[in-house]
Amino acid sequence: MDGHSDILADILIIGGGMAGLSAGTALAATGARIIVLDKGRGPGGRMAARRVEIAGQPVSFDHGAQYFTARDPAFQTAVAAWEEAGVAARWPAAGEDAWVGTPGMNACVKAMAGALDVRWSLRAERLQRDGAGWRVTAGEQVFTAATVLVAVPAEQAAVLLAEVAPDLAALPAGVTSAPCWAAMAAFDAPLTYKPDTFRSDSAAVSWAARNSAKPGRSGAETWVIHASPARSGELIDLPKDEAAKALLADFFAATGIAPAIPQHCDAHRWLYALPEALRGEGARFDPVLGIGIAGDYLHSPRVEGAWLSGRTLAEAVCQARVASTS
Ligand SMILES: Cc1cc2nc3c(=O)[nH]c(=O)nc-3n(C[C@H](O)[C@H](O)[C@H](O)COP(=O)(O)OP(=O)(O)OC[C@H]3O[C@@H](n4cnc5c(N)ncnc54)[C@H](O)[C@@H]3O)c2cc1C
């Protein structure tokens, strides 16, 4: 006996990023008891926002996804609701149909999480079959559920599922994600580079944005700089302060502006940033085992792809529940 009693759910979702929360939001309408586990300290996943204090002022950087587009009508409806709720706004600097979370990129995920039972800082470590359902161990806690949905990056899903659902695990096991180093820099005066965004298919920097120019942000001049997949691979094992310096130098070289000394400079390494997505059915659910997968890697490597994948998985779960009761 471990002294802890199991926590019961009808549906346990592992991963509270855009895909997991999209599934959870759609399934909550069925009245099922849903619990979401996420290893992160707070909402965002790859749509995270990093908060720091610079010269006594709070500053937030969107160091993962920079903006998103909404082309599918169902996703457009979700985005319109976020806009209405004040957690998303258009950002024309990135394109006509570009949106960002406000006041930080994680705001939409945070709003979705707020309506669900999400347990942060809990990493699902082990899945076991338990009668007709599942036992999931996360740190000291054990959850039991009839249905488990795994909405984590492909490489991590493949590991979690390998022993208990090898057929399902084969999908994410076939996916490779490109890494991305992201630098976050603040300056005490505006940079001489005038546009709010920079993008390139050939430079060491694939994207950079004046984070402080996004809607709903205030405070110091801040930039987020993303290294290209090739450059991220070259720098992959560097300590983060050295990677930050290298990215900043790459940015000044790519834009041709005079280097400026940042007030603050940090970096984050996304190991599984952008998957080579399978672009197949969008999600997969095994109704016999009661386990399914969602994530951008099953649709398209974008915020919208993650949302659509989660929604597709929720529909498959609902169909299976209807079939089992009819
Ligand atoms: C640097 C970068 C730039 C990007 N730029 C853009 C962009 O401009 N536009 C765009 O549309 N998309 C962009 N993307 C892609 C976009 O962020 C993703 O497609 C989307 O957020 C993926 O959502 P997801 O839910 O599938 O995965 P994630 O957001 O990765 O969510 C998975 C969650 O699972 C949790 N987790 C993992 N393992 C476990 C475990 N064992 N137990 C519990 N929890 C676990 C993680 O903490 C995470 O919160 C970018 C991504 C990165 C990294």
# chains A, B, ... in the order shown; residues from 1 in each chain; ligands from 1
>>> residues_around(residues="Trp120 (chain A)", least_positions_apart="2", cutoff="12 Å", atoms="only C-alpha atoms", output="PyMOL selection string")
chain A and resi 14-17+35-45+110+113-114+116-118+122-124+138-139
>>> residues_around(residues="Ala89 (chain A)", least_positions_apart="5", cutoff="8 Å", atoms="only C-alpha atoms", output="PDB file with N, CA and C atoms, in the first residue's frame")
ATOM      1  N   GLU A  83     -11.586  36.433 -28.482  1.00  0.00           N
ATOM      2  CA  GLU A  83     -11.485  37.889 -28.701  1.00  0.00           C
ATOM      3  C   GLU A  83     -12.520  38.608 -27.834  1.00  0.00           C
ATOM      4  N   TRP A  99      -3.259  36.272 -35.138  1.00  0.00           N
ATOM      5  CA  TRP A  99      -3.811  36.523 -33.808  1.00  0.00           C
ATOM      6  C   TRP A  99      -2.758  36.230 -32.761  1.00  0.00           C
ATOM      7  N   VAL A 100      -2.866  36.915 -31.624  1.00  0.00           N
ATOM      8  CA  VAL A 100      -2.027  36.568 -30.470  1.00  0.00           C
ATOM      9  C   VAL A 100      -2.908  36.513 -29.231  1.00  0.00           C
ATOM     10  N   GLY A 101      -2.433  35.775 -28.227  1.00  0.00           N
ATOM     11  CA  GLY A 101      -3.098  35.812 -26.927  1.00  0.00           C
ATOM     12  C   GLY A 101      -2.801  37.149 -26.272  1.00  0.00           C
ATOM     13  N   THR A 102      -3.730  37.663 -25.451  1.00  0.00           N
ATOM     14  CA  THR A 102      -3.491  38.920 -24.727  1.00  0.00           C
ATOM     15  C   THR A 102      -3.853  38.742 -23.244  1.00  0.00           C
ATOM     16  N   PRO A 215      -0.311  43.499 -29.300  1.00  0.00           N
ATOM     17  CA  PRO A 215      -1.407  44.133 -28.564  1.00  0.00           C
ATOM     18  C   PRO A 215      -1.467  43.671 -27.111  1.00  0.00           C
TER      19      PRO A 215
END
>>> residues_around(residues="Glu276 (chain A)", least_positions_apart="3", cutoff="7 Å", atoms="only C-alpha atoms", output="list in words")
Val175, Thr176, Ser177 and Tyr297 of chain A
>>> write_last_selection(atoms="N, CA and C atoms", output="PDB file, in the first residue's frame")
ATOM      1  N   VAL A 175       7.474  10.210 -35.794  1.00  0.00           N
ATOM      2  CA  VAL A 175       7.544  11.665 -35.990  1.00  0.00           C
ATOM      3  C   VAL A 175       8.845  12.219 -35.421  1.00  0.00           C
ATOM      4  N   THR A 176       9.465  13.130 -36.164  1.00  0.00           N
ATOM      5  CA  THR A 176      10.638  13.837 -35.642  1.00  0.00           C
ATOM      6  C   THR A 176      10.298  15.315 -35.554  1.00  0.00           C
ATOM      7  N   SER A 177      10.651  15.920 -34.437  1.00  0.00           N
ATOM      8  CA  SER A 177      10.392  17.351 -34.281  1.00  0.00           C
ATOM      9  C   SER A 177      11.697  18.126 -34.361  1.00  0.00           C
ATOM     10  N   TYR A 297       1.211  17.250 -34.023  1.00  0.00           N
ATOM     11  CA  TYR A 297       1.911  16.329 -34.930  1.00  0.00           C
ATOM     12  C   TYR A 297       0.943  15.446 -35.712  1.00  0.00           C
TER      13      TYR A 297
END
>>> residues_near_ligand(ligand="ligand 1", cutoff="8 Å", atoms="only C-alpha atoms and all ligand atoms", output="PyMOL selection string")
chain A and resi 14-21+37-40+43-48+63-69+121-125+138+151-153+156-157+160+179-182+226+270+272-274+294-297+300-307+309-310
>>> closest_residue(among="A:Ala185, A:Ala70, A:Cys108, A:Ala9", to="Gly86 (chain A)", atoms="only C-alpha atoms")
A:Cys108
>>> select_by_dssp(residues="region 41-202 of chain A", states="strand (DSSP E or B)", output="VMD selection string")
chain A and resid 50 to 54 57 to 61 68 to 69 88 to 90 98 to 101 117 to 119 124 to 130 133 to 138 141 to 150 177 to 187 197 to 199
>>> residues_around(residues="Arg321 (chain A)", least_positions_apart="6", cutoff="12 Å", atoms="only C-alpha atoms", output="number ranges by chain")
A: 10-11, 27, 30, 32, 146-147, 285-288, 290, 314-315
>>> closest_residue(among="A:Phe75, A:Phe143, A:Phe252, A:Phe187", to="Ala55 (chain A)", atoms="only C-alpha atoms")
A:Phe187
>>> closest_residue(among="A:Asp201, A:Asp188, A:Asp237, A:Glu281", to="Ala254 (chain A)", atoms="only C-alpha atoms")
A:Asp201
>>> residues_around(residues="Leu298 (chain A)", least_positions_apart="6", cutoff="6 Å", atoms="only C-alpha atoms", output="PDB file with N, CA and C atoms, in the first residue's frame")
ATOM      1  N   ALA A 277       4.600  17.010 -39.173  1.00  0.00           N
ATOM      2  CA  ALA A 277       3.291  16.445 -38.820  1.00  0.00           C
ATOM      3  C   ALA A 277       2.863  15.347 -39.787  1.00  0.00           C
ATOM      4  N   LEU A 278       2.077  14.393 -39.247  1.00  0.00           N
ATOM      5  CA  LEU A 278       1.624  13.249 -40.053  1.00  0.00           C
ATOM      6  C   LEU A 278       0.482  13.636 -40.997  1.00  0.00           C
ATOM      7  N   ARG A 279      -0.254  14.696 -40.666  1.00  0.00           N
ATOM      8  CA  ARG A 279      -1.340  15.225 -41.505  1.00  0.00           C
ATOM      9  C   ARG A 279      -2.294  14.131 -41.980  1.00  0.00           C
ATOM     10  N   GLY A 282      -5.849  13.322 -38.006  1.00  0.00           N
ATOM     11  CA  GLY A 282      -5.984  14.428 -37.055  1.00  0.00           C
ATOM     12  C   GLY A 282      -5.880  14.012 -35.605  1.00  0.00           C
ATOM     13  N   ALA A 283      -6.280  12.794 -35.299  1.00  0.00           N
ATOM     14  CA  ALA A 283      -6.209  12.255 -33.932  1.00  0.00           C
ATOM     15  C   ALA A 283      -6.529  10.773 -34.072  1.00  0.00           C
TER      16      ALA A 283
END
>>> residues_around(residues="Pro239 (chain A)", least_positions_apart="5", cutoff="10 Å", atoms="only C-alpha atoms", output="ChimeraX atom specification")
/A:244,267-269
>>> residues_around(residues="Val142 (chain A)", least_positions_apart="3", cutoff="7 Å", atoms="only C-alpha atoms", output="list of chain:residue names")
A:Asp6, A:Ile7, A:Arg135, A:Val136, A:Thr137, A:Ala138
